[in-house]
$ cat upload-v8.cif   # mmCIF, C-alpha atoms
data_start
#
loop_
_atom_site.label_atom_id
_atom_site.label_comp_id
_atom_site.auth_asym_id
_atom_site.auth_seq_id
_atom_site.Cartn_x
_atom_site.Cartn_y
_atom_site.Cartn_z
CA MET A 10 -35.59 17.73 13.12
CA SER A 11 -33.28 15.84 15.45
CA GLY A 12 -29.63 16.65 16.05
CA PRO A 13 -26.84 14.37 15.11
CA HIS A 14 -26.19 11.09 16.83
CA ARG A 15 -22.89 11.29 18.71
CA ILE A 16 -20.21 8.64 19.01
CA THR A 17 -16.61 8.60 20.24
CA ALA A 18 -13.73 7.30 18.15
CA GLU A 19 -12.18 4.15 19.57
CA PRO A 20 -8.56 3.08 19.26
CA LEU A 21 -8.12 0.79 16.26
CA THR A 22 -7.36 -2.74 17.38
CA ARG A 23 -7.52 -6.06 15.57
CA GLY A 24 -10.05 -7.43 18.01
CA GLY A 25 -12.35 -4.43 17.84
CA PHE A 26 -12.20 -4.24 14.07
CA ALA A 27 -12.37 -7.95 13.26
CA ARG A 28 -16.04 -8.00 12.29
CA TYR A 29 -15.42 -5.28 9.70
CA GLY A 30 -12.01 -6.12 8.33
CA ASP A 31 -8.29 -6.35 8.96
CA VAL A 32 -5.88 -4.03 10.76
CA LEU A 33 -2.52 -3.97 9.00
CA LYS A 34 0.36 -3.09 11.27
CA ALA A 35 3.92 -4.13 11.95
CA SER A 36 3.96 -4.80 15.65
CA GLY A 37 5.61 -7.54 17.62
CA ALA A 38 7.92 -10.05 16.01
CA PRO A 39 7.67 -10.34 12.25
CA ASP A 40 6.48 -13.55 10.63
CA ARG A 41 9.83 -13.80 8.80
CA TRP A 42 13.17 -12.08 8.75
CA ILE A 43 14.28 -11.50 5.17
CA ASN A 44 17.11 -9.74 3.34
CA ARG A 45 19.84 -11.19 5.55
CA GLY A 46 18.01 -10.16 8.68
CA LEU A 47 17.64 -6.49 7.76
CA CYS A 48 13.90 -6.56 7.09
CA GLY A 49 10.95 -8.00 8.97
CA ARG A 50 8.05 -9.34 6.92
CA TYR A 51 4.57 -9.20 8.47
CA HIS A 52 3.01 -11.64 6.10
CA ASP A 53 -0.29 -11.61 4.23
CA LEU A 54 -2.28 -9.48 6.64
CA ALA A 55 -5.48 -8.87 4.71
CA LEU A 56 -8.36 -10.99 3.47
CA LEU A 57 -8.51 -9.87 -0.14
CA ASP A 58 -11.66 -10.88 -1.98
CA PHE A 59 -12.37 -9.65 -5.48
CA GLY A 60 -14.87 -12.27 -6.62
CA ALA A 61 -14.74 -14.43 -9.71
CA GLU A 62 -14.68 -11.58 -12.21
CA GLY A 63 -12.44 -9.14 -10.38
CA ARG A 64 -8.74 -8.77 -9.81
CA ALA A 65 -6.54 -6.80 -7.42
CA GLY A 66 -5.42 -3.32 -8.40
CA ILE A 67 -3.35 -0.66 -6.69
CA SER A 68 -4.60 2.92 -6.94
CA LEU A 69 -3.60 6.04 -5.05
CA PHE A 70 -6.16 8.23 -3.31
CA LYS A 71 -5.48 11.82 -2.36
CA ALA A 72 -8.15 13.13 -0.03
CA VAL A 73 -8.91 16.46 1.56
CA PRO A 74 -8.13 16.40 5.32
CA ARG A 75 -11.15 16.57 7.62
CA ASN A 76 -11.55 17.93 11.11
CA MET A 77 -12.80 16.39 14.32
CA PRO A 78 -15.56 16.38 15.42
CA TYR A 79 -16.40 14.80 12.08
CA ALA A 80 -19.95 14.75 10.79
CA LEU A 81 -20.52 11.45 9.00
CA ASP A 82 -23.47 11.74 6.66
CA LEU A 83 -22.72 9.07 4.08
CA VAL A 84 -21.60 5.46 4.14
CA GLU A 85 -20.80 3.19 1.24
CA ARG A 86 -20.00 -0.43 0.55
CA HIS A 87 -18.44 -2.43 -2.23
CA PRO A 88 -20.53 -5.55 -2.78
CA GLU A 89 -18.03 -7.11 -5.14
CA GLY A 90 -14.76 -6.67 -3.30
CA SER A 91 -12.60 -5.81 -0.33
CA GLN A 92 -10.84 -2.44 -0.08
CA ALA A 93 -7.59 -1.63 1.74
CA PHE A 94 -6.50 1.87 2.81
CA LEU A 95 -2.72 2.03 3.28
CA PRO A 96 -1.53 5.45 4.48
CA MET A 97 1.57 6.85 2.77
CA SER A 98 2.29 9.06 5.77
CA PRO A 99 2.40 8.26 9.51
CA ASP A 100 -0.55 10.52 10.28
CA PRO A 101 -3.54 8.97 12.03
CA PHE A 102 -6.79 8.84 10.08
CA LEU A 103 -10.38 8.14 10.95
CA VAL A 104 -12.09 4.87 10.03
CA THR A 105 -15.86 4.59 10.20
CA VAL A 106 -17.93 1.46 9.72
CA ALA A 107 -21.50 0.31 10.18
CA GLU A 108 -23.48 -2.88 10.54
CA ASP A 109 -25.83 -4.06 7.79
CA GLY A 110 -29.23 -3.91 9.43
CA PRO A 111 -32.66 -4.80 8.10
CA ASN A 112 -33.23 -1.20 7.03
CA GLY A 113 -29.70 -0.51 5.83
CA PRO A 114 -26.59 0.60 7.65
CA GLU A 115 -26.90 0.97 11.40
CA GLY A 116 -24.69 0.93 14.48
CA VAL A 117 -21.97 3.23 13.22
CA ARG A 118 -18.59 2.90 14.93
CA ALA A 119 -15.45 4.97 14.50
CA PHE A 120 -11.81 4.05 14.98
CA LEU A 121 -8.77 6.30 15.11
CA THR A 122 -5.61 4.76 13.69
CA GLU A 123 -2.13 4.93 15.13
CA PRO A 124 0.87 5.77 12.96
CA GLY A 125 1.73 2.83 10.76
CA GLN A 126 -1.71 1.23 10.73
CA GLY A 127 -3.71 0.47 7.62
CA VAL A 128 -7.10 -1.17 7.26
CA ASN A 129 -8.76 -3.58 4.86
CA PHE A 130 -12.55 -3.50 4.73
CA HIS A 131 -13.98 -6.90 4.00
CA ARG A 132 -16.21 -7.27 0.99
CA GLY A 133 -19.61 -5.71 1.50
CA VAL A 134 -18.88 -3.91 4.79
CA TRP A 135 -20.46 -0.47 5.18
CA HIS A 136 -17.83 2.21 5.74
CA GLY A 137 -17.27 5.92 5.51
CA VAL A 138 -15.10 7.41 2.82
CA LEU A 139 -11.39 7.88 3.28
CA THR A 140 -10.99 10.36 6.14
CA PRO A 141 -7.51 11.78 6.70
CA LEU A 142 -7.21 14.22 9.58
CA SER A 143 -4.15 16.03 8.25
CA GLY A 144 -2.15 16.40 5.07
CA PRO A 145 -0.98 14.99 2.74
CA GLY A 146 -4.04 12.71 2.70
CA LEU A 147 -2.23 10.27 0.44
CA PHE A 148 -3.07 6.56 0.53
CA ALA A 149 -2.37 3.46 -1.51
CA VAL A 150 -5.61 1.58 -2.04
CA VAL A 151 -5.87 -2.08 -2.96
CA ASP A 152 -9.31 -2.84 -4.29
CA ARG A 153 -11.21 -4.61 -7.00
CA ILE A 154 -10.76 -3.90 -10.67
CA GLY A 155 -13.46 -5.54 -12.75
CA PRO A 156 -16.82 -5.28 -14.45
CA GLY A 157 -20.10 -4.45 -12.77
CA ARG A 158 -21.33 -1.95 -10.25
CA ASN A 159 -19.26 -2.13 -7.07
CA LEU A 160 -20.53 0.85 -5.10
CA GLU A 161 -23.61 1.42 -2.95
CA GLU A 162 -24.01 4.69 -1.09
CA VAL A 163 -26.49 5.55 1.66
CA SER A 164 -26.99 8.94 3.30
CA LEU A 165 -27.26 8.94 7.07
CA ASN A 166 -30.12 10.85 8.63
CA PRO A 167 -29.55 11.88 11.33
CA ARG A 168 -25.86 12.19 10.63
CA VAL A 169 -23.33 10.83 13.12
CA LEU A 170 -20.97 13.22 14.85
CA VAL A 171 -17.66 11.53 15.68
CA THR A 172 -15.63 13.03 18.51
CA ARG A 173 -12.24 12.18 19.94
CA GLY A 174 -12.24 9.96 23.00
CA MET B 279 40.72 -7.64 -6.34
CA SER B 280 38.86 -4.80 -8.04
CA GLY B 281 37.04 -2.02 -6.29
CA PRO B 282 33.32 -1.50 -6.55
CA HIS B 283 31.61 -0.33 -9.69
CA ARG B 284 30.15 3.14 -9.12
CA ILE B 285 26.80 4.51 -10.28
CA THR B 286 24.74 7.57 -9.46
CA ALA B 287 21.13 7.39 -8.34
CA GLU B 288 18.74 8.89 -10.90
CA PRO B 289 15.43 10.59 -10.16
CA LEU B 290 12.59 8.09 -10.35
CA THR B 291 10.39 8.80 -13.36
CA ARG B 292 7.83 6.68 -15.15
CA GLY B 293 9.75 6.83 -18.39
CA GLY B 294 13.08 5.89 -16.89
CA PHE B 295 11.60 3.06 -14.85
CA ALA B 296 9.20 1.66 -17.46
CA ARG B 297 11.37 -1.29 -18.47
CA TYR B 298 11.51 -2.47 -14.87
CA GLY B 299 8.09 -1.67 -13.53
CA ASP B 300 5.60 0.99 -12.55
CA VAL B 301 5.98 4.23 -10.63
CA LEU B 302 2.96 4.85 -8.42
CA LYS B 303 2.35 8.50 -7.68
CA ALA B 304 -0.51 10.97 -7.39
CA SER B 305 0.54 13.78 -9.67
CA GLY B 306 -1.46 15.80 -12.10
CA ALA B 307 -5.20 15.47 -12.41
CA PRO B 308 -6.68 12.30 -10.93
CA ASP B 309 -8.41 9.76 -13.14
CA ARG B 310 -11.62 10.26 -11.16
CA TRP B 311 -12.95 12.51 -8.45
CA ILE B 312 -14.80 10.46 -5.86
CA ASN B 313 -16.46 11.01 -2.48
CA ARG B 314 -18.37 14.13 -3.58
CA GLY B 315 -15.24 15.67 -5.00
CA LEU B 316 -13.17 15.40 -1.83
CA CYS B 317 -10.85 12.64 -3.06
CA GLY B 318 -8.89 12.10 -6.25
CA ARG B 319 -8.45 8.53 -7.46
CA TYR B 320 -5.32 7.71 -9.47
CA HIS B 321 -6.60 4.50 -10.86
CA ASP B 322 -5.03 1.07 -11.25
CA LEU B 323 -1.40 2.17 -11.51
CA ALA B 324 0.46 -1.15 -11.39
CA LEU B 325 0.73 -4.21 -13.60
CA LEU B 326 0.07 -6.92 -11.05
CA ASP B 327 0.95 -10.42 -12.21
CA PHE B 328 0.78 -13.36 -9.83
CA GLY B 329 0.54 -16.22 -12.32
CA ALA B 330 -2.06 -18.95 -12.51
CA GLU B 331 -1.40 -20.39 -9.06
CA GLY B 332 -0.78 -17.16 -7.14
CA ARG B 333 -2.93 -14.46 -5.65
CA ALA B 334 -2.37 -10.93 -4.39
CA GLY B 335 -1.47 -10.41 -0.76
CA ILE B 336 -0.67 -7.37 1.35
CA SER B 337 2.22 -7.65 3.77
CA LEU B 338 4.12 -5.01 5.74
CA PHE B 339 7.89 -4.78 5.60
CA LYS B 340 9.91 -2.98 8.25
CA ALA B 341 13.50 -2.52 7.10
CA VAL B 342 16.65 -1.12 8.65
CA PRO B 343 17.52 2.28 7.12
CA ARG B 344 20.64 2.33 4.95
CA ASN B 345 23.12 5.10 4.22
CA MET B 346 24.36 6.61 0.97
CA PRO B 347 26.72 5.83 -0.64
CA TYR B 348 25.05 2.42 -0.63
CA ALA B 349 27.01 -0.72 -1.46
CA LEU B 350 24.73 -3.05 -3.42
CA ASP B 351 26.06 -6.58 -3.23
CA LEU B 352 22.92 -8.65 -3.81
CA VAL B 353 20.03 -8.60 -6.23
CA GLU B 354 16.98 -10.80 -6.31
CA ARG B 355 14.00 -11.52 -8.48
CA HIS B 356 10.62 -13.12 -8.11
CA PRO B 357 10.02 -15.35 -11.13
CA GLU B 358 6.38 -16.00 -10.26
CA GLY B 359 5.11 -12.55 -9.49
CA SER B 360 5.28 -8.77 -9.38
CA GLN B 361 6.13 -6.93 -6.16
CA ALA B 362 5.05 -3.43 -5.12
CA PHE B 363 6.78 -1.32 -2.45
CA LEU B 364 4.41 1.32 -1.07
CA PRO B 365 6.06 3.57 1.52
CA MET B 366 4.05 4.33 4.67
CA SER B 367 6.04 7.52 5.25
CA PRO B 368 6.95 10.38 2.89
CA ASP B 369 10.68 9.63 3.13
CA PRO B 370 12.56 8.96 -0.11
CA PHE B 371 13.99 5.48 -0.56
CA LEU B 372 16.45 3.91 -2.94
CA VAL B 373 15.33 1.59 -5.74
CA THR B 374 17.89 -0.58 -7.52
CA VAL B 375 17.28 -2.75 -10.58
CA ALA B 376 19.30 -4.71 -13.12
CA GLU B 377 18.92 -6.17 -16.58
CA ASP B 378 18.77 -9.91 -17.10
CA GLY B 379 21.91 -10.64 -19.11
CA PRO B 380 23.25 -13.89 -20.53
CA ASN B 381 25.36 -14.40 -17.42
CA GLY B 382 22.85 -13.14 -14.90
CA PRO B 383 22.03 -9.67 -13.67
CA GLU B 384 23.94 -6.83 -15.30
CA GLY B 385 23.57 -3.12 -15.94
CA VAL B 386 22.55 -2.09 -12.45
CA ARG B 387 20.66 1.21 -12.20
CA ALA B 388 19.52 3.11 -9.13
CA PHE B 389 16.61 5.49 -8.64
CA LEU B 390 15.85 7.79 -5.74
CA THR B 391 12.16 8.27 -5.01
CA GLU B 392 10.39 11.50 -4.20
CA PRO B 393 7.93 11.72 -1.30
CA GLY B 394 4.72 9.98 -2.23
CA GLN B 395 6.17 7.64 -4.84
CA GLY B 396 5.90 3.87 -4.74
CA VAL B 397 7.16 1.27 -7.19
CA ASN B 398 5.95 -2.03 -8.59
CA PHE B 399 8.60 -4.35 -9.97
CA HIS B 400 7.29 -6.38 -12.86
CA ARG B 401 7.44 -10.14 -12.59
CA GLY B 402 10.96 -11.47 -12.93
CA VAL B 403 12.82 -8.14 -12.81
CA TRP B 404 16.11 -8.15 -10.92
CA HIS B 405 16.08 -5.66 -8.05
CA GLY B 406 17.81 -4.86 -4.81
CA VAL B 407 16.11 -5.43 -1.50
CA LEU B 408 13.96 -2.77 0.12
CA THR B 409 16.28 0.16 0.87
CA PRO B 410 14.89 2.92 3.09
CA LEU B 411 17.27 5.79 3.74
CA SER B 412 15.67 6.90 7.01
CA GLY B 413 13.22 5.65 9.60
CA PRO B 414 10.66 4.24 10.07
CA GLY B 415 11.44 2.01 7.08
CA LEU B 416 7.84 0.86 6.96
CA PHE B 417 6.26 -0.24 3.68
CA ALA B 418 3.13 -1.97 2.49
CA VAL B 419 4.07 -4.65 -0.01
CA VAL B 420 1.72 -6.18 -2.54
CA ASP B 421 3.17 -9.40 -3.86
CA ARG B 422 2.37 -12.98 -4.69
CA ILE B 423 1.02 -15.47 -2.21
CA GLY B 424 1.12 -18.99 -3.56
CA PRO B 425 2.97 -22.26 -3.88
CA GLY B 426 6.41 -22.76 -5.33
CA ARG B 427 9.76 -21.07 -5.06
CA ASN B 428 9.46 -17.37 -5.89
CA LEU B 429 12.89 -16.03 -5.01
CA GLU B 430 16.24 -16.07 -6.80
CA GLU B 431 19.20 -14.24 -5.29
CA VAL B 432 22.54 -13.40 -6.89
CA SER B 433 25.55 -11.82 -5.21
CA LEU B 434 27.21 -9.01 -7.14
CA ASN B 435 30.98 -9.13 -7.48
CA PRO B 436 32.24 -6.50 -7.75
CA ARG B 437 29.57 -4.82 -5.73
CA VAL B 438 27.97 -1.59 -6.97
CA LEU B 439 28.41 1.60 -5.00
CA VAL B 440 25.41 3.91 -5.40
CA THR B 441 25.99 7.59 -4.77
CA ARG B 442 23.66 10.58 -4.77
CA GLY B 443 23.54 12.56 -7.98
#
$ encode --input "upload-v8.cif" --output "structure tokens"
Amino acid sequence: MSGPHRITAEPLTRGGFARYGDVLKASGAPDRWINRGLCGRYHDLALLDFGAEGRAGISLFKAVPRNMPYALDLVERHPEGSQAFLPMSPDPFLVTVAEDGPNGPEGVRAFLTEPGQGVNFHRGVWHGVLTPLSGPGLFAVVDRIGPGRNLEEVSLNPRVLVTRG
Amino acid sequence: MSGPHRITAEPLTRGGFARYGDVLKASGAPDRWINRGLCGRYHDLALLDFGAEGRAGISLFKAVPRNMPYALDLVERHPEGSQAFLPMSPDPFLVTVAEDGPNGPEGVRAFLTEPGQGVNFHRGVWHGVLTPLSGPGLFAVVDRIGPGRNLEEVSLNPRVLVTRG
């Protein structure tokens, strides 16, 4: 029986995350100033894709905080739609993703968010479940509402141990 | 020249806000337990409506914090779509709405959120602009992306002074 595979969490950047999804953040100059100049709008930051039979919905997730090192033993994907995790607190959280290989998910990577960053997983991308690292673990989630099965789960063996960089 | 009309901010509750939109919050038992019981899902909490030519988008808004009492002198509405304000910090913010009267917006009301509450204004509802009361003033916004003019603004005269209850 082999031990866990070990990886280090990377900083979350748009470039590093582009093959998996979108990083939502309000940095740099906004796309528009609105409300008489009192609000910056960072416009339309996520590729939302809910297929022909789905629609967008907003749900809230409240998750138990996890600790680092974090043992990732399960990944999932939503074949029918994208899924955005929008933190309702400034606390960093852990984002894990994987490639879709010939034998299932492979090449796990982990990203640690900065305060004010959200993510949107593109449709069909393998990812770990919502992983807050501190309370309150509260997130707004924009994902697909619609008919059909929209969840595939795969256990990882060996599991992947994610450590801080 | 008359002075401002004065109102008191009310606590934000689903019942009190129902005629204007949805209150998004994670209270009570979740609709589903997911992720092996480590996450509660409060499912599909908002009536999203983007019309035939619109689609959902996620933007970030970063707004200048305001003070109470707050002088509301402008309301707006989006005739083509709903708009959700999802705070990315636990800080309460002020929500203002108005009825659509024969001569324009009337009957302004104000609501003060609790930590962890978001709102979704239903399509066409008069509301004040995003009003954080402290930093960072960062919100995820789910609203309509699409063609056409989706903003009407009306100045309030006299303005409405919103005080804490």
$ resolve_selection --input "upload-v8.cif" --expression "the PyMOL selection byres ((chain B) within 6 of (chain A))" --output "VMD selection string"
chain B and resid 316 to 323 335 to 342 365 to 368
$ resolve_selection --input "upload-v8.cif" --expression "the PyMOL selection byres ((chain B and resi 356) around 8)" --output "list in words"
Glu354, Arg355, Pro357, Glu358, Gly359, Ser360, Gln361, Arg401, Gly402, Val403, Trp404, Asn428, Leu429 and Glu430 of chain B
$ atom_distance --input "upload-v8.cif" --atom1 "CA of Asp109 (chain A)" --atom2 "CA of Phe130 (chain A)"
13.6 Å
$ closest_residue --input "upload-v8.cif" --among "B:Leu290, B:Ala296, B:Ala330, B:Leu434" --to "Val386 (chain B)" --atoms "all atoms listed in the file"
B:Leu434
$ axis_aligned_box --input "upload-v8.cif" --around "region 109-119 of chain A" --padding-each-side "5 Å" --output "AutoDock Vina command-line options"
--center_x -24.3 --center_y 0.1 --center_z 10.4 --size_x 27.8 --size_y 19.8 --size_z 19.1
$ closest_residue --input "upload-v8.cif" --among "A:Val32, A:Ile16, A:Val169, A:Leu81" --to "Glu123 (chain A)" --atoms "only C-alpha atoms"
A:Val32
$ residues_around --input "upload-v8.cif" --residues "Leu170 (chain A)" --least-positions-apart "3" --cutoff "8 Å" --atoms "all atoms listed in the file" --output "MDAnalysis selection string"
chainID A and resid 13:16 78:81
$ residues_near_point --input "upload-v8.cif" --point "(17.6, -4.6, -8.2)" --cutoff "6 Å" --atoms "all atoms listed in the file" --output "PyMOL selection string"
chain B and resi 353+374-376+404-406
$ atom_distance --input "upload-v8.cif" --atom1 "CA of Phe363 (chain B)" --atom2 "CA of Ser143 (chain A)"
23.1 Å
$ closest_residue --input "upload-v8.cif" --among "A:Gly157, A:Gly30, A:Pro141, A:Gly63" --to "Val128 (chain A)" --atoms "all atoms listed in the file"
A:Gly30
$ atom_distance --input "upload-v8.cif" --atom1 "CA of Met77 (chain A)" --atom2 "CA of Arg28 (chain A)"
24.7 Å
$ closest_residue --input "upload-v8.cif" --among "B:Gly306, B:Pro370, B:Gly424, B:Gly382" --to "Ala287 (chain B)" --atoms "all atoms listed in the file"
B:Pro370
$ closest_residue --input "upload-v8.cif" --among "B:Thr441, B:Val432, B:Pro425, B:Phe389" --to "Phe328 (chain B)" --atoms "only C-alpha atoms"
B:Pro425
$ decode --input "upload-v8.cif" --residues "region 326-346 of chain B" --atoms "N, CA, C and O atoms" --output "PDB file, in the first residue's frame"
ATOM      1  N   LEU B 326     -34.220  34.061 -10.809  1.00  0.00           N
ATOM      2  CA  LEU B 326     -33.419  34.734 -11.840  1.00  0.00           C
ATOM      3  C   LEU B 326     -34.271  34.863 -13.093  1.00  0.00           C
ATOM      4  O   LEU B 326     -34.960  33.929 -13.496  1.00  0.00           O
ATOM      5  N   ASP B 327     -34.212  36.033 -13.708  1.00  0.00           N
ATOM      6  CA  ASP B 327     -35.072  36.307 -14.865  1.00  0.00           C
ATOM      7  C   ASP B 327     -34.314  37.261 -15.769  1.00  0.00           C
ATOM      8  O   ASP B 327     -34.170  38.450 -15.454  1.00  0.00           O
ATOM      9  N   PHE B 328     -33.818  36.748 -16.882  1.00  0.00           N
ATOM     10  CA  PHE B 328     -33.002  37.568 -17.774  1.00  0.00           C
ATOM     11  C   PHE B 328     -33.647  37.745 -19.138  1.00  0.00           C
ATOM     12  O   PHE B 328     -32.998  38.206 -20.080  1.00  0.00           O
ATOM     13  N   GLY B 329     -34.911  37.375 -19.268  1.00  0.00           N
ATOM     14  CA  GLY B 329     -35.643  37.606 -20.506  1.00  0.00           C
ATOM     15  C   GLY B 329     -35.179  36.687 -21.629  1.00  0.00           C
ATOM     16  O   GLY B 329     -34.261  35.874 -21.467  1.00  0.00           O
ATOM     17  N   ALA B 330     -35.808  36.848 -22.775  1.00  0.00           N
ATOM     18  CA  ALA B 330     -35.534  35.950 -23.896  1.00  0.00           C
ATOM     19  C   ALA B 330     -34.162  36.213 -24.510  1.00  0.00           C
ATOM     20  O   ALA B 330     -33.515  35.297 -25.012  1.00  0.00           O
ATOM     21  N   GLU B 331     -33.703  37.441 -24.463  1.00  0.00           N
ATOM     22  CA  GLU B 331     -32.454  37.790 -25.148  1.00  0.00           C
ATOM     23  C   GLU B 331     -31.268  37.908 -24.198  1.00  0.00           C
ATOM     24  O   GLU B 331     -30.174  38.233 -24.639  1.00  0.00           O
ATOM     25  N   GLY B 332     -31.497  37.704 -22.901  1.00  0.00           N
ATOM     26  CA  GLY B 332     -30.415  37.858 -21.937  1.00  0.00           C
ATOM     27  C   GLY B 332     -29.923  36.514 -21.440  1.00  0.00           C
ATOM     28  O   GLY B 332     -30.530  35.471 -21.652  1.00  0.00           O
ATOM     29  N   ARG B 333     -28.793  36.585 -20.734  1.00  0.00           N
ATOM     30  CA  ARG B 333     -28.250  35.410 -20.067  1.00  0.00           C
ATOM     31  C   ARG B 333     -27.672  35.857 -18.736  1.00  0.00           C
ATOM     32  O   ARG B 333     -27.422  37.042 -18.513  1.00  0.00           O
ATOM     33  N   ALA B 334     -27.425  34.898 -17.857  1.00  0.00           N
ATOM     34  CA  ALA B 334     -26.803  35.189 -16.570  1.00  0.00           C
ATOM     35  C   ALA B 334     -25.329  35.499 -16.744  1.00  0.00           C
ATOM     36  O   ALA B 334     -24.639  34.867 -17.548  1.00  0.00           O
ATOM     37  N   GLY B 335     -24.842  36.441 -15.982  1.00  0.00           N
ATOM     38  CA  GLY B 335     -23.417  36.707 -15.892  1.00  0.00           C
ATOM     39  C   GLY B 335     -23.037  36.958 -14.448  1.00  0.00           C
ATOM     40  O   GLY B 335     -23.879  37.345 -13.633  1.00  0.00           O
ATOM     41  N   ILE B 336     -21.770  36.705 -14.138  1.00  0.00           N
ATOM     42  CA  ILE B 336     -21.251  37.040 -12.810  1.00  0.00           C
ATOM     43  C   ILE B 336     -20.225  38.152 -12.963  1.00  0.00           C
ATOM     44  O   ILE B 336     -19.246  38.005 -13.695  1.00  0.00           O
ATOM     45  N   SER B 337     -20.475  39.256 -12.275  1.00  0.00           N
ATOM     46  CA  SER B 337     -19.538  40.368 -12.244  1.00  0.00           C
ATOM     47  C   SER B 337     -19.165  40.618 -10.789  1.00  0.00           C
ATOM     48  O   SER B 337     -19.838  40.142  -9.877  1.00  0.00           O
ATOM     49  N   LEU B 338     -18.094  41.346 -10.563  1.00  0.00           N
ATOM     50  CA  LEU B 338     -17.775  41.809  -9.205  1.00  0.00           C
ATOM     51  C   LEU B 338     -17.974  43.318  -9.155  1.00  0.00           C
ATOM     52  O   LEU B 338     -17.622  44.026 -10.109  1.00  0.00           O
ATOM     53  N   PHE B 339     -18.544  43.774  -8.062  1.00  0.00           N
ATOM     54  CA  PHE B 339     -18.690  45.208  -7.818  1.00  0.00           C
ATOM     55  C   PHE B 339     -17.845  45.559  -6.599  1.00  0.00           C
ATOM     56  O   PHE B 339     -17.882  44.853  -5.583  1.00  0.00           O
ATOM     57  N   LYS B 340     -17.119  46.643  -6.703  1.00  0.00           N
ATOM     58  CA  LYS B 340     -16.370  47.158  -5.554  1.00  0.00           C
ATOM     59  C   LYS B 340     -16.822  48.595  -5.332  1.00  0.00           C
ATOM     60  O   LYS B 340     -16.575  49.475  -6.161  1.00  0.00           O
ATOM     61  N   ALA B 341     -17.529  48.817  -4.217  1.00  0.00           N
ATOM     62  CA  ALA B 341     -18.201  50.093  -3.985  1.00  0.00           C
ATOM     63  C   ALA B 341     -17.621  50.806  -2.771  1.00  0.00           C
ATOM     64  O   ALA B 341     -17.163  50.183  -1.812  1.00  0.00           O
ATOM     65  N   VAL B 342     -17.676  52.111  -2.826  1.00  0.00           N
ATOM     66  CA  VAL B 342     -17.228  52.953  -1.718  1.00  0.00           C
ATOM     67  C   VAL B 342     -18.199  52.784  -0.545  1.00  0.00           C
ATOM     68  O   VAL B 342     -19.413  52.889  -0.722  1.00  0.00           O
ATOM     69  N   PRO B 343     -17.679  52.520   0.666  1.00  0.00           N
ATOM     70  CA  PRO B 343     -18.582  52.407   1.822  1.00  0.00           C
ATOM     71  C   PRO B 343     -19.286  53.730   2.107  1.00  0.00           C
ATOM     72  O   PRO B 343     -18.707  54.806   1.951  1.00  0.00           O
ATOM     73  N   ARG B 344     -20.542  53.629   2.525  1.00  0.00           N
ATOM     74  CA  ARG B 344     -21.349  54.792   2.883  1.00  0.00           C
ATOM     75  C   ARG B 344     -21.552  54.821   4.399  1.00  0.00           C
ATOM     76  O   ARG B 344     -21.309  53.835   5.093  1.00  0.00           O
ATOM     77  N   ASN B 345     -22.036  55.941   4.878  1.00  0.00           N
ATOM     78  CA  ASN B 345     -22.331  56.103   6.300  1.00  0.00           C
ATOM     79  C   ASN B 345     -23.834  56.177   6.540  1.00  0.00           C
ATOM     80  O   ASN B 345     -24.587  56.582   5.659  1.00  0.00           O
ATOM     81  N   MET B 346     -24.224  55.842   7.743  1.00  0.00           N
ATOM     82  CA  MET B 346     -25.603  56.056   8.202  1.00  0.00           C
ATOM     83  C   MET B 346     -25.582  57.268   9.135  1.00  0.00           C
ATOM     84  O   MET B 346     -24.636  57.403   9.904  1.00  0.00           O
TER      85      MET B 346
END
